[in-house]
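Coordinates from query-v4.cif are shown below (mmCIF, C-alpha atoms).
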data_final
loop_
_atom_site.label_atom_id
_atom_site.label_comp_id
_atom_site.auth_asym_id
_atom_site.auth_seq_id
_atom_site.Cartn_x
_atom_site.Cartn_y
_atom_site.Cartn_z
CA MET A 1 0.72 -6.09 -5.27
CA THR A 2 -2.87 -5.43 -6.11
CA ARG A 3 -4.17 -4.93 -9.61
CA LEU A 4 -5.18 -1.40 -10.49
CA GLY A 5 -8.78 -0.79 -11.51
CA HIS A 6 -9.83 0.72 -14.81
CA ALA A 7 -10.90 3.93 -13.07
CA VAL A 8 -7.26 4.74 -12.27
CA LEU A 9 -6.08 4.00 -15.79
CA VAL A 10 -8.84 5.41 -17.97
CA LEU A 11 -6.68 8.21 -19.40
CA ALA A 12 -3.34 6.46 -19.05
CA PHE A 13 -0.77 6.04 -21.82
CA LEU A 14 -1.82 8.76 -24.22
CA VAL A 15 0.77 10.17 -26.62
CA LEU A 16 2.28 12.93 -24.49
CA ALA A 17 5.52 13.87 -26.23
CA PRO A 18 4.06 16.87 -28.10
CA ALA A 19 2.16 18.10 -25.03
CA LEU A 20 5.28 17.98 -22.86
CA GLY A 21 7.53 19.50 -25.51
CA VAL A 22 9.76 16.41 -25.52
CA PRO A 23 11.84 15.94 -28.69
CA ALA A 24 11.97 12.66 -30.60
CA THR A 25 15.54 12.21 -29.39
CA THR A 26 16.99 13.75 -26.26
CA GLU A 27 20.60 14.74 -26.78
CA SER A 28 22.23 15.42 -23.43
CA GLY A 29 24.36 18.53 -23.78
CA PRO A 30 27.34 19.38 -21.55
CA ALA A 31 25.14 20.97 -18.89
CA SER A 32 22.26 18.49 -19.14
CA ARG A 33 21.58 15.96 -16.41
CA ALA A 34 19.23 13.87 -18.57
CA GLY A 35 20.01 10.17 -18.28
CA GLN A 36 21.21 10.45 -14.68
CA LEU A 37 19.47 9.52 -11.46
CA LEU A 38 18.29 12.05 -8.92
CA VAL A 39 18.43 10.51 -5.45
CA ALA A 40 16.61 11.97 -2.44
CA THR A 41 18.87 12.60 0.54
CA PRO A 42 17.75 11.35 3.97
CA SER A 43 16.89 14.95 4.92
CA LEU A 44 14.26 15.36 2.18
CA ASN A 45 10.86 15.21 3.89
CA ASP A 46 8.50 16.14 1.05
CA PRO A 47 5.96 13.25 1.11
CA ASN A 48 5.96 13.15 -2.69
CA PHE A 49 9.68 12.37 -2.76
CA VAL A 50 10.82 10.80 0.52
CA GLN A 51 13.42 8.11 -0.28
CA THR A 52 12.79 8.31 -4.02
CA VAL A 53 15.03 7.63 -7.00
CA VAL A 54 14.14 9.66 -10.10
CA PHE A 55 15.37 8.99 -13.64
CA LEU A 56 15.89 12.36 -15.36
CA VAL A 57 14.38 12.30 -18.84
CA THR A 58 14.85 15.92 -19.93
CA ASP A 59 16.91 18.70 -18.40
CA ASP A 60 17.65 22.09 -19.94
CA ALA A 61 17.35 25.80 -19.28
CA THR A 62 13.54 25.60 -19.25
CA GLY A 63 13.27 22.94 -16.56
CA THR A 64 13.56 19.24 -15.78
CA MET A 65 11.29 16.21 -16.12
CA GLY A 66 11.85 12.80 -14.52
CA ILE A 67 10.17 9.52 -13.59
CA VAL A 68 10.22 8.10 -10.04
CA VAL A 69 11.44 4.51 -10.44
CA ASN A 70 11.03 3.03 -6.94
CA ARG A 71 7.38 3.58 -6.01
CA ARG A 72 5.44 0.58 -7.25
CA VAL A 73 1.71 1.16 -6.75
CA GLY A 74 0.19 -1.97 -8.28
CA GLU A 75 0.00 -4.28 -11.26
CA SER A 76 -2.15 -4.47 -14.37
CA THR A 77 -2.59 -6.88 -17.23
CA VAL A 78 -1.56 -5.62 -20.65
CA ALA A 79 -5.12 -6.27 -21.84
CA ASP A 80 -6.56 -4.06 -19.09
CA LEU A 81 -4.18 -1.23 -19.95
CA LEU A 82 -5.14 -1.42 -23.62
CA GLU A 83 -8.84 -1.40 -22.76
CA ALA A 84 -8.29 1.57 -20.45
CA THR A 85 -7.05 3.57 -23.42
CA GLY A 86 -10.00 2.57 -25.58
CA LEU A 87 -8.19 -0.15 -27.56
CA GLU A 88 -9.32 -3.73 -28.05
CA PRO A 89 -6.80 -6.37 -26.95
CA GLU A 90 -5.65 -8.63 -29.79
CA GLY A 91 -4.40 -11.61 -27.85
CA GLU A 92 -1.83 -9.72 -25.75
CA THR A 93 -0.98 -11.53 -22.53
CA GLY A 94 0.89 -10.95 -19.30
CA SER A 95 0.91 -8.37 -16.53
CA ILE A 96 3.21 -5.45 -15.86
CA PRO A 97 3.99 -3.54 -12.66
CA VAL A 98 2.73 0.02 -12.38
CA TYR A 99 4.70 2.78 -10.66
CA GLY A 100 3.84 6.20 -9.32
CA GLY A 101 6.10 8.23 -11.60
CA GLY A 102 5.52 11.52 -9.82
CA PRO A 103 2.85 13.96 -8.67
CA VAL A 104 2.32 15.72 -12.04
CA GLN A 105 -0.38 14.54 -14.49
CA THR A 106 -0.90 11.21 -12.77
CA GLU A 107 -3.60 10.25 -15.28
CA TYR A 108 -0.95 9.78 -17.97
CA GLY A 109 1.39 6.84 -18.50
CA PHE A 110 5.01 6.55 -19.57
CA LEU A 111 7.11 3.51 -20.45
CA LEU A 112 10.77 3.81 -19.41
CA HIS A 113 12.87 1.10 -21.02
CA THR A 114 16.13 -0.07 -22.57
CA GLN A 115 16.89 1.01 -26.14
CA ASP A 116 16.19 -2.36 -27.72
CA TYR A 117 12.67 -1.12 -28.55
CA ASP A 118 11.72 1.85 -30.71
CA ASP A 119 8.56 3.25 -32.31
CA ALA A 120 7.24 6.61 -33.45
CA THR A 121 6.67 7.82 -29.86
CA THR A 122 10.04 6.67 -28.50
CA PHE A 123 12.87 9.04 -27.69
CA LYS A 124 16.28 8.08 -26.44
CA VAL A 125 17.83 9.37 -23.24
CA GLY A 126 21.59 8.91 -23.22
CA THR A 127 23.10 5.77 -24.72
CA ARG A 128 21.11 2.97 -23.05
CA TYR A 129 17.64 4.11 -22.01
CA ALA A 130 14.54 5.55 -23.68
CA MET A 131 10.97 6.59 -22.96
CA THR A 132 7.92 5.71 -25.04
CA THR A 133 4.56 7.45 -24.68
CA GLY A 134 2.32 5.59 -27.14
CA THR A 135 0.26 2.40 -26.91
CA THR A 136 2.12 0.45 -29.61
CA ALA A 137 4.71 -0.53 -27.01
CA LEU A 138 2.02 -2.13 -24.85
CA ARG A 139 1.00 -4.40 -27.69
CA ALA A 140 4.64 -5.30 -28.29
CA ILE A 141 5.11 -6.21 -24.61
CA GLY A 142 1.94 -8.29 -24.67
CA ARG A 143 3.30 -10.21 -27.69
CA GLY A 144 6.71 -10.76 -26.13
CA GLU A 145 8.31 -8.31 -28.57
CA GLY A 146 8.88 -5.38 -26.22
CA PRO A 147 12.08 -4.07 -24.62
CA GLU A 148 14.29 -6.28 -22.46
CA ARG A 149 13.84 -4.13 -19.34
CA PHE A 150 11.03 -1.66 -18.72
CA LEU A 151 8.71 -0.07 -16.19
CA PHE A 152 5.35 1.62 -16.66
CA ALA A 153 4.70 4.76 -14.62
CA LEU A 154 1.70 7.02 -14.07
CA GLY A 155 2.62 10.67 -13.75
CA TYR A 156 5.99 12.37 -13.65
CA ALA A 157 8.09 14.73 -11.57
CA GLY A 158 8.78 18.21 -12.89
CA TRP A 159 10.85 21.24 -11.93
CA GLY A 160 10.77 24.73 -13.40
CA ALA A 161 13.83 26.64 -14.55
CA GLY A 162 16.38 26.79 -11.73
CA GLN A 163 14.15 24.97 -9.24
CA LEU A 164 16.07 21.68 -9.21
CA ASP A 165 19.41 23.48 -8.96
CA ALA A 166 18.17 25.22 -5.82
CA GLU A 167 16.95 21.94 -4.30
CA ILE A 168 20.27 20.21 -5.01
CA ALA A 169 22.20 23.15 -3.54
CA GLY A 170 19.93 22.98 -0.48
CA GLY A 171 20.85 19.36 0.17
CA SER A 172 17.60 17.69 -0.88
CA TRP A 173 19.03 15.68 -3.79
CA TYR A 174 22.22 14.39 -5.31
CA LEU A 175 23.00 12.99 -8.76
CA ALA A 176 24.09 9.41 -9.48
CA PRO A 177 24.82 7.38 -12.63
CA ALA A 178 21.91 5.32 -13.93
CA ASP A 179 22.18 1.55 -14.26
CA ASP A 180 19.79 -1.37 -14.79
CA ALA A 181 19.75 -2.40 -11.14
CA LEU A 182 18.72 1.03 -9.89
CA LEU A 183 16.12 1.47 -12.63
CA PHE A 184 14.62 -1.99 -12.95
CA GLY A 185 15.82 -4.00 -9.93
CA ASP A 186 14.38 -4.65 -6.49
CA ASP A 187 12.18 -1.64 -5.68
CA ALA A 188 12.70 -1.87 -1.93
CA ALA A 189 16.48 -1.77 -2.36
CA LYS A 190 16.88 0.95 -5.00
CA TRP A 191 17.08 4.00 -2.75
CA GLN A 192 19.30 2.41 -0.12
CA ALA A 193 21.60 1.00 -2.81
CA ALA A 194 21.96 4.46 -4.35
CA VAL A 195 22.70 6.03 -0.95
CA ASP A 196 25.21 3.31 -0.05
CA ALA A 197 27.00 3.73 -3.39
CA ARG A 198 27.35 7.45 -2.79
CA TYR A 199 29.04 7.04 0.56
CA GLU A 200 31.29 4.28 -0.76
CA ASP A 201 32.56 6.75 -3.36
CA LEU A 202 33.26 9.53 -0.85
#
Before anything else, please render the file you have as structure tokens.
Amino acid sequence: MTRLGHAVLVLAFLVLAPALGVPATTESGPASRAGQLLVATPSLNDPNFVQTVVFLVTDDATGTMGIVVNRRVGESTVADLLEATGLEPEGETGSIPVYGGGPVQTEYGFLLHTQDYDDATTFKVGTRYAMTTGTTALRAIGRGEGPERFLFALGYAGWGAGQLDAEIAGGSWYLAPADDALLFGDDAAKWQAAVDARYEDL
């Protein structure tokens, strides 16, 4: 994978939770699909979502937000990401993969990760996963103190009230349980593995 240039990342990884109306902790109610995976069916031909797997971060009566987890678009050093947000690196090392999280607000970055990391911009989704929207997590990753499993994504996928329900009813998507392999495993295999698991369960 190629490294991403600063021009792509200049506005990435700002604190977005207040702007998106995301609470500090996402409690999945009985009707909420937050914490599940949304898997594109083979019939979905929207170029933004063909063969995608989306982790649903929030889902309520006002709409749904998720991160596409199987479209890797490049790689960046932690130092470059910090500089892109106007921060000076302080000895952080290493590189992290960068994903296309969805077609909405692609200038912003999100860190999806396991719950073994937490800071002021982190909110939990279900019992195992979380999303962080601040830069402190980048420094932690660069010091080897970040979460066990994570991915960094630019942009997100969003649906208005009732929109996702209609798309699911129309056969474009189905829901699947989230697990580490489908979130953080081999990108090329994620969608097919999710599809295969569905038909094994039928």
Original post:
Skipping near chain neighbours, those fewer than 2 positions away, what residues fall within 12 Å of Asn48 of chain A using only C-alpha atoms, listed as a PyMOL selection string?
Top reply: chain A and resi 40+44-46+50-54+68+71+100-104+155-158
Could you list, as a PDB file with C-alpha atoms, in the coordinates of the input, every residue matched by the PyMOL selection byres ((chain A and resi 165-175) around 6) in this structure?
ATOM      1  CA  LEU A  37      19.470   9.520 -11.460  1.00  0.00           C
ATOM      2  CA  LEU A  38      18.290  12.050  -8.920  1.00  0.00           C
ATOM      3  CA  VAL A  39      18.430  10.510  -5.450  1.00  0.00           C
ATOM      4  CA  ALA A  40      16.610  11.970  -2.440  1.00  0.00           C
ATOM      5  CA  THR A  41      18.870  12.600   0.540  1.00  0.00           C
ATOM      6  CA  LEU A  44      14.260  15.360   2.180  1.00  0.00           C
ATOM      7  CA  GLY A 162      16.380  26.790 -11.730  1.00  0.00           C
ATOM      8  CA  GLN A 163      14.150  24.970  -9.240  1.00  0.00           C
ATOM      9  CA  LEU A 164      16.070  21.680  -9.210  1.00  0.00           C
ATOM     10  CA  ALA A 176      24.090   9.410  -9.480  1.00  0.00           C
TER      11      ALA A 176
END
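Atom pair atom CA of Arg72 of chain A / atom CA of Thr93 of chain A: separated by 20.5 Å.
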Could you list, as a PDB file with C-alpha atoms, keeping the file's coordinate frame, every residue within 8 Å of Phe55 of chain A, counting all atoms listed in the file and ignoring same-chain residues fewer than 4 positions away?
ATOM      1  CA  ALA A  34      19.230  13.870 -18.570  1.00  0.00           C
ATOM      2  CA  GLY A  35      20.010  10.170 -18.280  1.00  0.00           C
ATOM      3  CA  GLN A  36      21.210  10.450 -14.680  1.00  0.00           C
ATOM      4  CA  LEU A  37      19.470   9.520 -11.460  1.00  0.00           C
ATOM      5  CA  LEU A  38      18.290  12.050  -8.920  1.00  0.00           C
ATOM      6  CA  GLY A  66      11.850  12.800 -14.520  1.00  0.00           C
ATOM      7  CA  ILE A  67      10.170   9.520 -13.590  1.00  0.00           C
ATOM      8  CA  VAL A  68      10.220   8.100 -10.040  1.00  0.00           C
ATOM      9  CA  VAL A  69      11.440   4.510 -10.440  1.00  0.00           C
ATOM     10  CA  ALA A 178      21.910   5.320 -13.930  1.00  0.00           C
ATOM     11  CA  LEU A 183      16.120   1.470 -12.630  1.00  0.00           C
TER      12      LEU A 183
END
Subject >> Closest of A:Leu138, A:Thr132, A:Thr121, A:Ser43 to Pro89 of chain A - atom-to-atom distances counting all atoms listed in the file >> reply: A:Leu138
**OP:** Taking the file above as input, evaluate the PyMOL selection byres ((chain A and resi 142) around 12) and report the hits as a PyMOL selection string.
**Re:** chain A and resi 76-82+89-96+135-141+143-147
